[in-house]
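K.L.:
Here it is, the structure, as structure tokens.
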Amino acid sequence: GLRLPSSTRMLADRLADAARHELAQLGAQVDVAFVEVRDHAHDLVDHLLAGYPPPELGPVLDTVARADGLIAVSPAFTAAYSGLFKMFFDSLDDSALTEKPVLIAATGGTARHALILEHTLRPMFTYLRAAVVPTAVFAAPEDWGAGDVTHGSLPARIGRAARELAREVDRWNGPAIDDPYENPTPFDRLLAGE
């Protein structure tokens, strides 16, 4: 988000807390790092103009590339994600998000902006070959109410999306599956006609 306080950051905080809880339930140790893209606006422009990241931006891009999972939240601007948000993902290495579990979310001034999730965010992350979880979360002003987000559908959407992300992160980081062609079982050899 571009304003302080930011409803986009509030949504990101709630999603991160829910994902941390779900991952802890699966026995995972969780470290969460937040990237406030607005804090790197000038570095992002410099990176796109020069073709390499300034010293302050490199570690931020590395943090995202090394993450086991990603929660990406953008405010809606003109029926799409913010340009700054897009610039950040344009700055990542082409393979940085390949098969990485990603939960997408957005905030907007009206519930009509919820289409941003399926119209712009999901296609962008699909193009980047990320493993986007099925449930995306949108929060409009009425979702926040008078500061009470403990009732209603927003907490339910947050919980469902966090569970999906936790399962994907757990699966992504789980034990490697043996390639049946490298170590065929007797049943595999039988099917192969050996």
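Chain labels run A, B, ... following the order of the structure tokens; each chain numbers its residues from 1, and ligands are numbered from 1 in the order shown.
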What's the 9 Å shell around range 137-141 of chain A, counting only C-alpha atoms, without same-chain residues fewer than 2 positions away, as a PyMOL selection string?

P.N.:
chain A and resi 7-8+11+15+73+103-117+135+143-145+154+157-158+161

K.L.:
Counting only C-alpha atoms, what is within 10 Å of range 35-49 of chain A, bar same-chain residues fewer than 4 positions away, as a ChimeraX atom specification?

P.N.:
/A:1-3,9,53-58,60-61,63-64,72,74,84-91

K.L.:
Which residues are near Arg160 in chain A? Cut-off 10 Å, only C-alpha atoms, ignore same chain within fewer than 2 positions. Put them as a list in words.

P.N.:
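Using only C-alpha atoms, the neighbours found are Ala18, Ala19, Glu22, Pro134, Thr135, Ala136, Val137, Leu154, Pro155, Ala156, Arg157, Ile158, Ala162, Arg163, Glu164, Leu165 and Ala166 of chain A.
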
K.L.:
Run DSSP on the backbone of this structure and report the residues of chain A it assigns to strand (DSSP E), as a list of chain:residue names.

P.N.:
A:Leu70, A:Ile71, A:Ala72, A:Val73, A:Ser74, A:Pro75, A:Ala76, A:Phe77, A:Ala80, A:Tyr81, A:Pro101, A:Val102, A:Leu103, A:Ile104, A:Ala105, A:Ala106, A:Thr107, A:Ala131, A:Val132, A:Val137, A:Phe138, A:Ala139

K.L.:
Keeping only C-alpha atoms, write the selected residues as a PDB file, in the first residue's frame.

P.N.:
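Below you can see again-v2.pdb, which holds the result:
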ATOM      1  CA  LEU A  70       4.924 -15.995  -0.836  1.00  0.00           C
ATOM      2  CA  ILE A  71       1.941 -13.880   0.125  1.00  0.00           C
ATOM      3  CA  ALA A  72       1.566 -11.127  -2.483  1.00  0.00           C
ATOM      4  CA  VAL A  73      -0.847  -8.300  -1.672  1.00  0.00           C
ATOM      5  CA  SER A  74      -1.511  -5.227  -3.815  1.00  0.00           C
ATOM      6  CA  PRO A  75      -3.939  -2.342  -3.663  1.00  0.00           C
ATOM      7  CA  ALA A  76      -6.221  -2.068  -6.683  1.00  0.00           C
ATOM      8  CA  PHE A  77      -5.461   0.856  -8.989  1.00  0.00           C
ATOM      9  CA  ALA A  80      -5.328  -3.748 -11.741  1.00  0.00           C
ATOM     10  CA  TYR A  81      -2.394  -4.138  -9.357  1.00  0.00           C
ATOM     11  CA  PRO A 101       3.542 -21.541  -3.515  1.00  0.00           C
ATOM     12  CA  VAL A 102       1.908 -18.108  -3.717  1.00  0.00           C
ATOM     13  CA  LEU A 103      -1.196 -16.698  -2.049  1.00  0.00           C
ATOM     14  CA  ILE A 104      -2.562 -13.652  -3.870  1.00  0.00           C
ATOM     15  CA  ALA A 105      -4.586 -10.916  -2.210  1.00  0.00           C
ATOM     16  CA  ALA A 106      -5.697  -7.357  -2.845  1.00  0.00           C
ATOM     17  CA  THR A 107      -7.488  -4.411  -1.302  1.00  0.00           C
ATOM     18  CA  ALA A 131       1.931 -22.409  -7.789  1.00  0.00           C
ATOM     19  CA  VAL A 132      -0.930 -20.031  -6.952  1.00  0.00           C
ATOM     20  CA  VAL A 137      -8.444 -12.873  -0.750  1.00  0.00           C
ATOM     21  CA  PHE A 138      -9.900  -9.454  -1.477  1.00  0.00           C
ATOM     22  CA  ALA A 139     -10.741  -6.927   1.231  1.00  0.00           C
TER      23      ALA A 139
END

K.L.:
Excluding same-chain residues fewer than 6 positions from Asp93 in chain A, what lies within 10 Å of it counting only C-alpha atoms, as a PyMOL selection string?

P.N.:
chain A and resi 61-62+65+128

K.L.:
Enumerate the residues of chain A with a DSSP assignment of helix (DSSP H, G or I), computed from the backbone, and present them as a compact mmCIF listing (two decimals) with N, CA and C atoms, in the first residue's frame.

P.N.:
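File part_36.txt, as written:
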# COMPACT_ATOMS: atom_id res chain seq x y z
N SER A 7 -4.39 -0.41 4.46
CA SER A 7 -5.25 -1.59 4.56
C SER A 7 -4.60 -2.78 3.86
N THR A 8 -3.76 -2.50 2.86
CA THR A 8 -3.04 -3.57 2.17
C THR A 8 -2.08 -4.26 3.13
N ARG A 9 -1.35 -3.48 3.93
CA ARG A 9 -0.44 -4.06 4.91
C ARG A 9 -1.22 -4.79 6.01
N MET A 10 -2.38 -4.23 6.41
CA MET A 10 -3.19 -4.91 7.43
C MET A 10 -3.62 -6.28 6.93
N LEU A 11 -4.03 -6.36 5.66
CA LEU A 11 -4.43 -7.65 5.10
C LEU A 11 -3.22 -8.58 5.03
N ALA A 12 -2.07 -8.07 4.61
CA ALA A 12 -0.87 -8.90 4.56
C ALA A 12 -0.50 -9.43 5.94
N ASP A 13 -0.63 -8.58 6.96
CA ASP A 13 -0.33 -9.02 8.33
C ASP A 13 -1.26 -10.15 8.77
N ARG A 14 -2.54 -10.01 8.48
CA ARG A 14 -3.50 -11.04 8.89
C ARG A 14 -3.26 -12.35 8.13
N LEU A 15 -2.95 -12.24 6.85
CA LEU A 15 -2.64 -13.45 6.07
C LEU A 15 -1.37 -14.13 6.58
N ALA A 16 -0.35 -13.34 6.89
CA ALA A 16 0.90 -13.91 7.40
C ALA A 16 0.69 -14.58 8.74
N ASP A 17 -0.09 -13.95 9.61
CA ASP A 17 -0.36 -14.56 10.92
C ASP A 17 -1.11 -15.88 10.77
N ALA A 18 -2.10 -15.89 9.87
CA ALA A 18 -2.87 -17.12 9.66
C ALA A 18 -2.00 -18.20 9.04
N ALA A 19 -1.15 -17.85 8.08
CA ALA A 19 -0.26 -18.84 7.45
C ALA A 19 0.75 -19.36 8.46
N ARG A 20 1.28 -18.47 9.29
CA ARG A 20 2.23 -18.89 10.33
C ARG A 20 1.57 -19.90 11.26
N HIS A 21 0.32 -19.63 11.66
CA HIS A 21 -0.42 -20.54 12.53
C HIS A 21 -0.63 -21.90 11.86
N GLU A 22 -1.05 -21.89 10.60
CA GLU A 22 -1.31 -23.13 9.88
C GLU A 22 -0.02 -23.94 9.68
N LEU A 23 1.07 -23.27 9.38
CA LEU A 23 2.35 -23.97 9.21
C LEU A 23 2.84 -24.54 10.53
N ALA A 24 2.63 -23.81 11.62
CA ALA A 24 3.01 -24.32 12.94
C ALA A 24 2.21 -25.57 13.27
N GLN A 25 0.96 -25.62 12.85
CA GLN A 25 0.12 -26.81 13.06
C GLN A 25 0.70 -28.01 12.33
N VAL A 37 7.14 -2.72 -0.67
CA VAL A 37 7.65 -2.36 -2.00
C VAL A 37 7.83 -0.84 -2.12
N ARG A 38 6.97 -0.06 -1.49
CA ARG A 38 7.09 1.40 -1.61
C ARG A 38 8.44 1.90 -1.07
N ASP A 39 9.02 1.17 -0.11
CA ASP A 39 10.31 1.57 0.44
C ASP A 39 11.45 1.40 -0.57
N HIS A 40 11.20 0.68 -1.64
CA HIS A 40 12.23 0.39 -2.65
C HIS A 40 11.89 0.99 -4.01
N ALA A 41 10.99 1.96 -4.05
CA ALA A 41 10.52 2.51 -5.32
C ALA A 41 11.65 3.06 -6.19
N HIS A 42 12.50 3.87 -5.62
CA HIS A 42 13.59 4.46 -6.41
C HIS A 42 14.58 3.39 -6.87
N ASP A 43 14.87 2.44 -5.99
CA ASP A 43 15.78 1.35 -6.38
C ASP A 43 15.19 0.51 -7.51
N LEU A 44 13.88 0.31 -7.50
CA LEU A 44 13.24 -0.46 -8.57
C LEU A 44 13.38 0.25 -9.91
N VAL A 45 13.16 1.55 -9.92
CA VAL A 45 13.31 2.32 -11.16
C VAL A 45 14.76 2.25 -11.63
N ASP A 46 15.70 2.44 -10.69
CA ASP A 46 17.12 2.36 -11.06
C ASP A 46 17.47 0.98 -11.63
N HIS A 47 16.92 -0.07 -11.03
CA HIS A 47 17.18 -1.43 -11.49
C HIS A 47 16.67 -1.64 -12.91
N LEU A 48 15.46 -1.20 -13.17
CA LEU A 48 14.90 -1.39 -14.51
C LEU A 48 15.64 -0.55 -15.55
N LEU A 49 16.13 0.62 -15.16
CA LEU A 49 16.86 1.46 -16.11
C LEU A 49 18.28 0.96 -16.35
N ALA A 50 18.94 0.49 -15.27
CA ALA A 50 20.34 0.08 -15.39
C ALA A 50 20.50 -1.39 -15.77
N GLY A 58 19.14 -5.74 -4.03
CA GLY A 58 19.56 -7.13 -4.26
C GLY A 58 19.14 -8.08 -3.16
N PRO A 59 19.42 -7.76 -1.87
CA PRO A 59 19.02 -8.67 -0.79
C PRO A 59 17.51 -8.85 -0.68
N VAL A 60 16.75 -7.83 -1.03
CA VAL A 60 15.28 -7.93 -0.98
C VAL A 60 14.79 -8.90 -2.04
N LEU A 61 15.32 -8.79 -3.25
CA LEU A 61 14.95 -9.71 -4.32
C LEU A 61 15.38 -11.14 -3.96
N ASP A 62 16.55 -11.29 -3.34
CA ASP A 62 17.02 -12.61 -2.91
C ASP A 62 16.10 -13.21 -1.84
N THR A 63 15.61 -12.37 -0.94
CA THR A 63 14.70 -12.85 0.11
C THR A 63 13.46 -13.48 -0.51
N VAL A 64 12.91 -12.83 -1.51
CA VAL A 64 11.71 -13.36 -2.18
C VAL A 64 12.06 -14.63 -2.95
N ALA A 65 13.18 -14.63 -3.63
CA ALA A 65 13.58 -15.81 -4.41
C ALA A 65 13.83 -17.03 -3.52
N ARG A 66 14.38 -16.81 -2.31
CA ARG A 66 14.70 -17.93 -1.42
C ARG A 66 13.51 -18.37 -0.56
N GLY A 83 1.36 -0.18 -10.19
CA GLY A 83 2.53 -0.22 -11.05
C GLY A 83 3.79 -0.55 -10.28
N LEU A 84 3.87 -0.08 -9.05
CA LEU A 84 5.03 -0.36 -8.21
C LEU A 84 5.12 -1.85 -7.88
N PHE A 85 3.97 -2.46 -7.60
CA PHE A 85 3.88 -3.91 -7.34
C PHE A 85 4.40 -4.67 -8.57
N LYS A 86 3.92 -4.29 -9.74
CA LYS A 86 4.34 -4.95 -10.99
C LYS A 86 5.82 -4.75 -11.25
N MET A 87 6.32 -3.54 -10.97
CA MET A 87 7.74 -3.26 -11.17
C MET A 87 8.60 -4.18 -10.30
N PHE A 88 8.14 -4.44 -9.09
CA PHE A 88 8.90 -5.33 -8.21
C PHE A 88 9.01 -6.72 -8.82
N PHE A 89 7.90 -7.27 -9.29
CA PHE A 89 7.95 -8.62 -9.85
C PHE A 89 8.65 -8.65 -11.21
N ASP A 90 8.66 -7.53 -11.92
CA ASP A 90 9.44 -7.43 -13.16
C ASP A 90 10.94 -7.47 -12.85
N SER A 91 11.32 -7.10 -11.65
CA SER A 91 12.72 -7.04 -11.26
C SER A 91 13.29 -8.37 -10.81
N ALA A 111 -15.99 -3.33 -3.48
CA ALA A 111 -15.97 -4.77 -3.75
C ALA A 111 -15.89 -5.07 -5.24
N ARG A 112 -16.27 -4.11 -6.08
CA ARG A 112 -16.17 -4.33 -7.54
C ARG A 112 -14.74 -4.56 -7.99
N HIS A 113 -13.78 -4.09 -7.21
CA HIS A 113 -12.38 -4.27 -7.59
C HIS A 113 -11.88 -5.68 -7.33
N ALA A 114 -12.71 -6.53 -6.77
CA ALA A 114 -12.29 -7.91 -6.46
C ALA A 114 -11.85 -8.67 -7.71
N LEU A 115 -12.30 -8.24 -8.89
CA LEU A 115 -11.89 -8.92 -10.12
C LEU A 115 -10.40 -8.83 -10.38
N ILE A 116 -9.72 -7.91 -9.71
CA ILE A 116 -8.26 -7.80 -9.86
C ILE A 116 -7.59 -9.15 -9.60
N LEU A 117 -8.14 -9.92 -8.68
CA LEU A 117 -7.52 -11.20 -8.31
C LEU A 117 -7.43 -12.16 -9.48
N GLU A 118 -8.53 -12.32 -10.18
CA GLU A 118 -8.57 -13.30 -11.28
C GLU A 118 -8.24 -12.69 -12.64
N HIS A 119 -8.40 -11.37 -12.74
CA HIS A 119 -8.17 -10.71 -14.03
C HIS A 119 -6.71 -10.33 -14.24
N THR A 120 -6.00 -9.94 -13.17
CA THR A 120 -4.62 -9.49 -13.35
C THR A 120 -3.61 -10.23 -12.49
N LEU A 121 -3.91 -10.45 -11.20
CA LEU A 121 -2.91 -11.08 -10.32
C LEU A 121 -2.66 -12.54 -10.65
N ARG A 122 -3.72 -13.34 -10.73
CA ARG A 122 -3.52 -14.77 -11.00
C ARG A 122 -2.81 -14.99 -12.35
N PRO A 123 -3.22 -14.31 -13.42
CA PRO A 123 -2.49 -14.52 -14.69
C PRO A 123 -1.01 -14.13 -14.62
N MET A 124 -0.69 -13.05 -13.90
CA MET A 124 0.71 -12.65 -13.80
C MET A 124 1.54 -13.73 -13.09
N PHE A 125 1.02 -14.24 -11.96
CA PHE A 125 1.78 -15.26 -11.23
C PHE A 125 1.79 -16.59 -11.96
N THR A 126 0.75 -16.87 -12.71
CA THR A 126 0.75 -18.08 -13.54
C THR A 126 1.81 -17.95 -14.63
N TYR A 127 1.92 -16.78 -15.23
CA TYR A 127 2.95 -16.54 -16.23
C TYR A 127 4.35 -16.75 -15.63
N PRO A 141 -13.47 -1.93 1.89
CA PRO A 141 -13.68 -1.21 3.15
C PRO A 141 -14.74 -1.85 4.05
N GLU A 142 -15.80 -2.37 3.47
CA GLU A 142 -16.86 -2.96 4.30
C GLU A 142 -16.40 -4.25 4.99
N ASP A 143 -15.34 -4.88 4.48
CA ASP A 143 -14.80 -6.07 5.14
C ASP A 143 -14.13 -5.73 6.47
N TRP A 144 -13.64 -4.51 6.59
CA TRP A 144 -12.96 -4.10 7.81
C TRP A 144 -13.96 -3.60 8.85
N SER A 153 -17.07 -12.83 6.53
CA SER A 153 -16.42 -13.72 5.57
C SER A 153 -14.93 -13.45 5.38
N LEU A 154 -14.43 -12.26 5.70
CA LEU A 154 -12.99 -12.01 5.52
C LEU A 154 -12.14 -12.97 6.35
N PRO A 155 -12.43 -13.16 7.64
CA PRO A 155 -11.62 -14.14 8.39
C PRO A 155 -11.72 -15.56 7.82
N ALA A 156 -12.88 -15.92 7.31
CA ALA A 156 -13.04 -17.26 6.72
C ALA A 156 -12.19 -17.38 5.47
N ARG A 157 -12.17 -16.36 4.62
CA ARG A 157 -11.35 -16.39 3.41
C ARG A 157 -9.86 -16.42 3.76
N ILE A 158 -9.48 -15.63 4.75
CA ILE A 158 -8.09 -15.60 5.19
C ILE A 158 -7.67 -16.99 5.70
N GLY A 159 -8.51 -17.60 6.52
CA GLY A 159 -8.20 -18.92 7.07
C GLY A 159 -8.08 -19.98 5.99
N ARG A 160 -9.01 -19.98 5.04
CA ARG A 160 -8.98 -20.98 3.97
C ARG A 160 -7.73 -20.80 3.10
N ALA A 161 -7.43 -19.55 2.73
CA ALA A 161 -6.26 -19.29 1.89
C ALA A 161 -4.97 -19.66 2.63
N ALA A 162 -4.90 -19.36 3.91
CA ALA A 162 -3.71 -19.69 4.71
C ALA A 162 -3.52 -21.20 4.80
N ARG A 163 -4.61 -21.95 4.97
CA ARG A 163 -4.50 -23.41 5.01
C ARG A 163 -3.98 -23.95 3.68
N GLU A 164 -4.49 -23.41 2.57
CA GLU A 164 -4.05 -23.86 1.25
C GLU A 164 -2.56 -23.55 1.05
N LEU A 165 -2.14 -22.35 1.46
CA LEU A 165 -0.74 -21.98 1.31
C LEU A 165 0.14 -22.89 2.18
N ALA A 166 -0.27 -23.12 3.41
CA ALA A 166 0.51 -23.97 4.32
C ALA A 166 0.66 -25.37 3.75
N ARG A 167 -0.42 -25.93 3.20
CA ARG A 167 -0.33 -27.27 2.61
C ARG A 167 0.63 -27.29 1.43
N GLU A 168 0.57 -26.24 0.59
CA GLU A 168 1.46 -26.19 -0.57
C GLU A 168 2.92 -26.02 -0.15
N VAL A 169 3.17 -25.16 0.83
CA VAL A 169 4.54 -24.98 1.31
C VAL A 169 5.05 -26.28 1.91
N ASP A 170 4.20 -26.95 2.69
CA ASP A 170 4.59 -28.23 3.30
C ASP A 170 4.89 -29.27 2.22
N ARG A 171 4.06 -29.32 1.19
CA ARG A 171 4.27 -30.27 0.10
C ARG A 171 5.52 -29.90 -0.69
N TRP A 172 5.72 -28.61 -0.93
CA TRP A 172 6.87 -28.13 -1.70
C TRP A 172 8.17 -28.44 -0.98
N PRO A 186 9.44 -53.56 -8.22
CA PRO A 186 9.07 -54.76 -8.97
C PRO A 186 7.77 -54.55 -9.76
N PHE A 187 6.82 -53.80 -9.20
CA PHE A 187 5.56 -53.54 -9.90
C PHE A 187 5.81 -52.71 -11.16
N ASP A 188 6.71 -51.69 -11.06
CA ASP A 188 7.05 -50.86 -12.21
C ASP A 188 7.69 -51.73 -13.30
N ARG A 189 8.58 -52.65 -12.88
CA ARG A 189 9.23 -53.50 -13.88
C ARG A 189 8.22 -54.44 -14.53
N LEU A 190 7.24 -54.91 -13.76
CA LEU A 190 6.19 -55.77 -14.29
C LEU A 190 5.41 -55.00 -15.36
N LEU A 191 5.06 -53.72 -15.06
CA LEU A 191 4.32 -52.91 -16.02
C LEU A 191 5.14 -52.63 -17.26

K.L.:
I'd like the contact shell of Thr98 in chain A - 7 Å cut-off, only C-alpha atoms, skipping same-chain residues fewer than 2 positions apart - returned as a count of residues only.

P.N.:
6

K.L.:
Let me make sure I understand: among A:Ala67, A:Leu92, A:Ala79, A:Val133, which one has the smallest atom-to-atom distance to Val30 in chain A if we use only C-alpha atoms?

P.N.:
A:Ala67
